[in-house]
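Just below is one structure, and these are the notes that go with it.
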Amino acid sequence: MKVPFIDILRFEAGFYETVTEKTAQLIKNGHFAGGPVVGQFESALKAYTKSAHALGCANGTDALQLALRAAGVAKDDKVVIPDMTFWATFEAVVNVGAIPCTLDVSRETLHLTAKAVAEAIETFKPKALLLVHLYGWACPDTLAIRALCRDRGVILIEDCAQSMGTEIGGESLIGGAAVATTSFYPAKVLGASGDAGGVFFQDEALARDCRILINHGRISHYGHGMIGWNSRLGAYEANFLLESLGHLDARLESRRKVCAQYRERIRLPGLTFIAPAADVLENGYLSVAVMDPQSRPAFEAFLKSKDIGYGVVYPGAMSEQPGAAGHIGGRISHGNAQWVAGAVINLPCFAHMRQDEVDYVVDSVNSYR
Ligand SMILES: *Cc1c(COP(=O)(O)O)cnc(C)c1O
């Protein structure tokens, strides 16, 4: 048996046919760059995430840049980001002319803590904080960090690229954020057939500015009120995403079951599965376990010998990327991000993974000596 780390082609019966039929309709109607389907998808996305305003855009990195710009982050403003995240978080801050300062994560929760955020606010006096929710979870201290940023006047932007459908305290994570972003990269839980992203706001004025930024700063057809760029969501992707959204709850449920089975059934000394906080409903984006960084290479070789795909999300700290030099404005490090980079291992997990595939992974890992 061979089990991939991820298979994005496990579509439901009829999905492929419906999407291609509707795409053909878009071509016949000449709906390429916009048209009604974009608005339909945005409305469905707003309802699904329980957000006040949901906007489609070109990709998840643009979504971060749009959110930073719309929220008022400008040249030379300091923005705190976690030292453990995907590189796009760092890039987005630099691309809007601001200065990223990295903050170490916790070895226990793999995310920022409210205590660390309070220290970073004292140290860096930042304009904004970019809180990243990794692995399909919510940062366990989300509610405390939201309150802290509100009290100290720090703009909070939440990167929910991996957390579509995640809940905290029974509420939508995205819906509860003042400003949030997501990615519809094909491998995310709600994936497009190419690149796409989303931006979410509670405030109507910020959402209006963001929509202007997405479309060349347009305030009328040839009137430009801001320096934006072209980050419009295309009609084909909106159509693909709208169809996918109808299947999302079932997809998330099947992913959650895979993560739960690994946690319940795998018993390997030295391999510790990490669960989201008790009040968090995960979306099952990734299964996360940690092991002693010195033991991981041998375990990776074993998984390869069993034809089991795996991930290492993410293998390096942001502050130590070669591209960070010359851009980073400060760093609070206790070596935790480096430890996490060496310790994390992600077993196969994707929507509609078959039970015999899960069994094979569980039995193989349990047989490892
Ligand atoms: C995927 C991802 C992004 C970037 O999204 P793209 O659509 O690939 O630009 C940003 N942040 C995080 C945490 C991500 O996982």
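We label chains A, B, ... in the order they appear in the structure tokens, count residues from 1 in each chain, and number ligands from 1 in the order shown.
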(request) Identify, counting only C-alpha atoms and all ligand atoms, the protein, DNA and RNA residues located within 9 Å of ligand 1, and give them as number ranges by chain. (result) A: 58-64, 85-89, 92, 132-135, 159-163, 181-188, 195-197
Got time to write the residues from that selection, N, CA and C atoms, as a compact mmCIF listing (two decimals), in the first residue's frame?
```
# COMPACT_ATOMS: atom_id res chain seq x y z
N ALA A 58 -6.87 37.62 -5.02
CA ALA A 58 -6.09 36.74 -5.90
C ALA A 58 -5.39 35.57 -5.20
N ASN A 59 -4.97 35.74 -3.95
CA ASN A 59 -4.28 34.66 -3.23
C ASN A 59 -4.14 35.05 -1.76
N GLY A 60 -3.64 34.14 -0.95
CA GLY A 60 -3.56 34.36 0.49
C GLY A 60 -2.50 35.37 0.90
N THR A 61 -1.46 35.52 0.08
CA THR A 61 -0.42 36.50 0.38
C THR A 61 -0.93 37.91 0.10
N ASP A 62 -1.61 38.07 -1.03
CA ASP A 62 -2.28 39.34 -1.32
C ASP A 62 -3.29 39.66 -0.22
N ALA A 63 -4.00 38.66 0.26
CA ALA A 63 -5.01 38.89 1.30
C ALA A 63 -4.36 39.55 2.51
N LEU A 64 -3.16 39.08 2.88
CA LEU A 64 -2.44 39.67 4.02
C LEU A 64 -2.04 41.11 3.70
N THR A 85 5.83 30.21 11.19
CA THR A 85 4.67 30.39 10.31
C THR A 85 5.14 30.09 8.90
N PHE A 86 4.27 30.31 7.92
CA PHE A 86 4.68 30.20 6.52
C PHE A 86 5.29 31.56 6.14
N TRP A 87 6.27 31.53 5.28
CA TRP A 87 7.06 32.71 4.90
C TRP A 87 6.22 33.88 4.37
N ALA A 88 5.07 33.59 3.80
CA ALA A 88 4.19 34.65 3.26
C ALA A 88 3.88 35.70 4.31
N THR A 89 3.78 35.30 5.58
CA THR A 89 3.47 36.24 6.66
C THR A 89 4.56 37.31 6.74
N ALA A 92 4.60 39.53 3.38
CA ALA A 92 3.49 40.49 3.26
C ALA A 92 3.81 41.77 4.00
N VAL A 132 -1.01 34.23 13.62
CA VAL A 132 -1.20 33.15 12.63
C VAL A 132 -1.74 31.91 13.35
N HIS A 133 -2.83 31.37 12.81
CA HIS A 133 -3.42 30.14 13.37
C HIS A 133 -3.00 28.98 12.48
N LEU A 134 -2.07 28.19 12.96
CA LEU A 134 -1.55 27.10 12.12
C LEU A 134 -2.30 25.78 12.33
N TYR A 135 -2.10 24.86 11.41
CA TYR A 135 -2.52 23.45 11.50
C TYR A 135 -4.03 23.22 11.49
N ASP A 159 -4.18 35.64 10.47
CA ASP A 159 -3.93 34.85 9.26
C ASP A 159 -4.60 33.49 9.45
N CYS A 160 -5.74 33.33 8.80
CA CYS A 160 -6.53 32.09 8.92
C CYS A 160 -6.41 31.24 7.65
N ALA A 161 -5.25 31.33 6.99
CA ALA A 161 -5.04 30.57 5.75
C ALA A 161 -5.25 29.07 5.96
N GLN A 162 -4.98 28.61 7.20
CA GLN A 162 -5.12 27.18 7.49
C GLN A 162 -6.34 26.88 8.34
N SER A 163 -7.16 27.90 8.64
CA SER A 163 -8.21 27.72 9.65
C SER A 163 -9.63 27.98 9.17
N THR A 181 -7.67 36.93 7.28
CA THR A 181 -7.39 36.61 5.88
C THR A 181 -7.37 35.10 5.72
N THR A 182 -7.55 34.65 4.49
CA THR A 182 -7.40 33.21 4.23
C THR A 182 -6.81 33.00 2.84
N SER A 183 -6.43 31.75 2.60
CA SER A 183 -5.89 31.35 1.30
C SER A 183 -6.74 30.22 0.75
N PHE A 184 -7.00 30.26 -0.54
CA PHE A 184 -7.70 29.15 -1.21
C PHE A 184 -6.75 28.40 -2.13
N TYR A 185 -5.47 28.40 -1.79
CA TYR A 185 -4.49 27.58 -2.51
C TYR A 185 -5.05 26.15 -2.54
N PRO A 186 -4.86 25.41 -3.65
CA PRO A 186 -5.54 24.12 -3.79
C PRO A 186 -5.35 23.14 -2.62
N ALA A 187 -4.22 23.22 -1.92
CA ALA A 187 -3.99 22.26 -0.82
C ALA A 187 -4.60 22.69 0.50
N LYS A 188 -5.21 23.87 0.57
CA LYS A 188 -5.86 24.30 1.81
C LYS A 188 -7.21 23.58 1.93
N ASP A 195 -4.93 29.73 -7.83
CA ASP A 195 -4.73 30.60 -6.67
C ASP A 195 -5.93 31.49 -6.40
N ALA A 196 -6.23 31.69 -5.12
CA ALA A 196 -7.28 32.62 -4.71
C ALA A 196 -7.12 32.86 -3.21
N GLY A 197 -7.75 33.93 -2.71
CA GLY A 197 -7.67 34.24 -1.29
C GLY A 197 -8.88 35.02 -0.84
```
(request) Just the residues within 10 Å of Gly323 (chain A), please, counting only C-alpha atoms, with nothing from its chain fewer than 3 positions along; format it as a ChimeraX atom specification. (result) /A:87,90-91,318-320,326-328
Write the residues you've just listed into a file as an mmCIF file, in the first residue's frame, and include N, CA, C and O atoms for each of them.
```cif
data_model
loop_
_atom_site.group_PDB
_atom_site.id
_atom_site.type_symbol
_atom_site.label_atom_id
_atom_site.label_comp_id
_atom_site.auth_asym_id
_atom_site.auth_seq_id
_atom_site.Cartn_x
_atom_site.Cartn_y
_atom_site.Cartn_z
ATOM 1 N N TRP A 87 6.272 31.530 5.284
ATOM 2 C CA TRP A 87 7.060 32.709 4.902
ATOM 3 C C TRP A 87 6.219 33.877 4.371
ATOM 4 O O TRP A 87 6.595 35.041 4.491
ATOM 5 N N PHE A 90 5.813 36.867 6.650
ATOM 6 C CA PHE A 90 6.964 37.782 6.689
ATOM 7 C C PHE A 90 6.973 38.667 5.438
ATOM 8 O O PHE A 90 7.082 39.891 5.521
ATOM 9 N N GLU A 91 6.832 38.012 4.287
ATOM 10 C CA GLU A 91 6.853 38.738 2.997
ATOM 11 C C GLU A 91 5.809 39.843 2.933
ATOM 12 O O GLU A 91 6.098 40.948 2.453
ATOM 13 N N MET A 318 11.326 31.773 10.853
ATOM 14 C CA MET A 318 11.297 32.906 9.920
ATOM 15 C C MET A 318 12.533 33.789 10.045
ATOM 16 O O MET A 318 13.111 34.223 9.056
ATOM 17 N N SER A 319 12.929 34.050 11.307
ATOM 18 C CA SER A 319 14.037 34.978 11.554
ATOM 19 C C SER A 319 15.354 34.462 11.001
ATOM 20 O O SER A 319 16.304 35.216 10.860
ATOM 21 N N GLU A 320 15.415 33.160 10.675
ATOM 22 C CA GLU A 320 16.667 32.589 10.171
ATOM 23 C C GLU A 320 16.642 32.295 8.682
ATOM 24 O O GLU A 320 17.585 31.708 8.148
ATOM 25 N N GLY A 326 18.307 42.024 6.521
ATOM 26 C CA GLY A 326 18.087 43.330 5.903
ATOM 27 C C GLY A 326 16.651 43.816 6.013
ATOM 28 O O GLY A 326 16.363 44.957 5.684
ATOM 29 N N HIS A 327 15.740 42.945 6.441
ATOM 30 C CA HIS A 327 14.334 43.345 6.564
ATOM 31 C C HIS A 327 13.823 43.247 7.992
ATOM 32 O O HIS A 327 12.899 43.954 8.368
ATOM 33 N N ILE A 328 14.388 42.333 8.767
ATOM 34 C CA ILE A 328 13.857 42.070 10.098
ATOM 35 C C ILE A 328 14.210 43.227 11.041
ATOM 36 O O ILE A 328 15.332 43.720 11.041
#
```
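Every protein or nucleic acid residue with an atom no more than 7 Å from Pro293 (chain A), counting only C-alpha atoms and leaving out same-chain residues fewer than 2 positions away, appears here: Met291, Ser295, Arg296, Gly342 and Ala343 of chain A.
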(request) Could you check which of A:Leu156, A:Val358, A:Leu55, A:Met84 is closest to Phe41 (chain A), using only C-alpha atoms? (result) A:Leu55
(request) Run DSSP on the backbone and grab whatever in region 114-353 of chain A lands in alpha helix (DSSP H); send it over as an MDAnalysis selection string. (result) chainID A and resid 114:124 142:152 173:176 204:214 235:245 248:265 296:305 336:343
(message) I'd like to know which of A:Asp209, A:Val280, A:Lys46, A:Leu66 is closest to Leu143 (chain A), using only C-alpha atoms.
(response)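 Smallest distance to Leu143 (chain A) is found for A:Val280.
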(message) If we count only C-alpha atoms and set the cut-off at 8 Å, which residues sit around region 213-226 of chain A, ignoring sequence neighbours fewer than 3 positions away in its own chain? Please answer as a ChimeraX atom specification.
(response) /A:57,66,70,209-210,229-232
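Ranking A:Trp137, A:Tyr368, A:Tyr310, A:Phe302 by their shortest atom-to-atom distance to Pro276 (chain A), with only C-alpha atoms included, puts A:Trp137 first.
With only C-alpha atoms as the atoms that count, the minimum distance from Arg251 (chain A) to the choices A:Ala351, A:Ala128, A:Ala324, A:Ala144 is reached by A:Ala351.
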(request) Using only C-alpha atoms, pick whichever of A:Ala138, A:Ala325, A:Gly191, A:Ala301 has the shortest atom-to-atom distance to Leu281 (chain A). (result)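 Nearest candidate to Leu281 (chain A) out of A:Ala138, A:Ala325, A:Gly191, A:Ala301: A:Ala138.
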Find the spatial neighbours of Phe273 (chain A), counting only C-alpha atoms, within a cut-off of 12 Å - ignore same-chain residues fewer than 2 positions away - and output them as an mmCIF file with C-alpha atoms, in the first residue's frame.
```cif
data_model
loop_
_atom_site.group_PDB
_atom_site.id
_atom_site.type_symbol
_atom_site.label_atom_id
_atom_site.label_comp_id
_atom_site.auth_asym_id
_atom_site.auth_seq_id
_atom_site.Cartn_x
_atom_site.Cartn_y
_atom_site.Cartn_z
ATOM 1 C CA GLU A 108 3.598 23.321 24.203
ATOM 2 C CA THR A 109 0.989 24.973 21.966
ATOM 3 C CA CYS A 259 -6.716 13.353 13.113
ATOM 4 C CA ALA A 260 -8.780 11.872 15.955
ATOM 5 C CA GLN A 261 -7.913 8.292 14.954
ATOM 6 C CA TYR A 262 -4.188 9.020 14.922
ATOM 7 C CA ARG A 263 -4.425 10.578 18.373
ATOM 8 C CA GLU A 264 -6.459 7.689 19.763
ATOM 9 C CA ARG A 265 -4.884 4.701 18.070
ATOM 10 C CA ILE A 266 -1.190 5.474 17.636
ATOM 11 C CA ARG A 267 0.920 4.515 20.635
ATOM 12 C CA LEU A 268 4.584 5.049 19.896
ATOM 13 C CA PRO A 269 6.924 6.047 22.738
ATOM 14 C CA GLY A 270 8.591 9.328 21.812
ATOM 15 C CA LEU A 271 5.876 10.409 19.354
ATOM 16 C CA ALA A 275 -4.414 18.386 20.035
ATOM 17 C CA PRO A 276 -5.935 21.839 19.692
ATOM 18 C CA LEU A 286 -3.028 18.837 9.459
ATOM 19 C CA SER A 287 -2.301 16.081 11.930
ATOM 20 C CA VAL A 288 0.461 17.301 14.225
ATOM 21 C CA ALA A 289 2.870 15.220 16.285
ATOM 22 C CA VAL A 290 6.242 16.060 17.772
ATOM 23 C CA MET A 291 9.273 13.907 18.471
ATOM 24 C CA ALA A 343 10.304 18.240 16.059
ATOM 25 C CA VAL A 344 7.034 18.473 14.118
ATOM 26 C CA ILE A 345 5.928 15.652 11.857
ATOM 27 C CA ASN A 346 2.625 15.558 9.934
ATOM 28 C CA LEU A 347 1.121 12.210 8.921
#
```
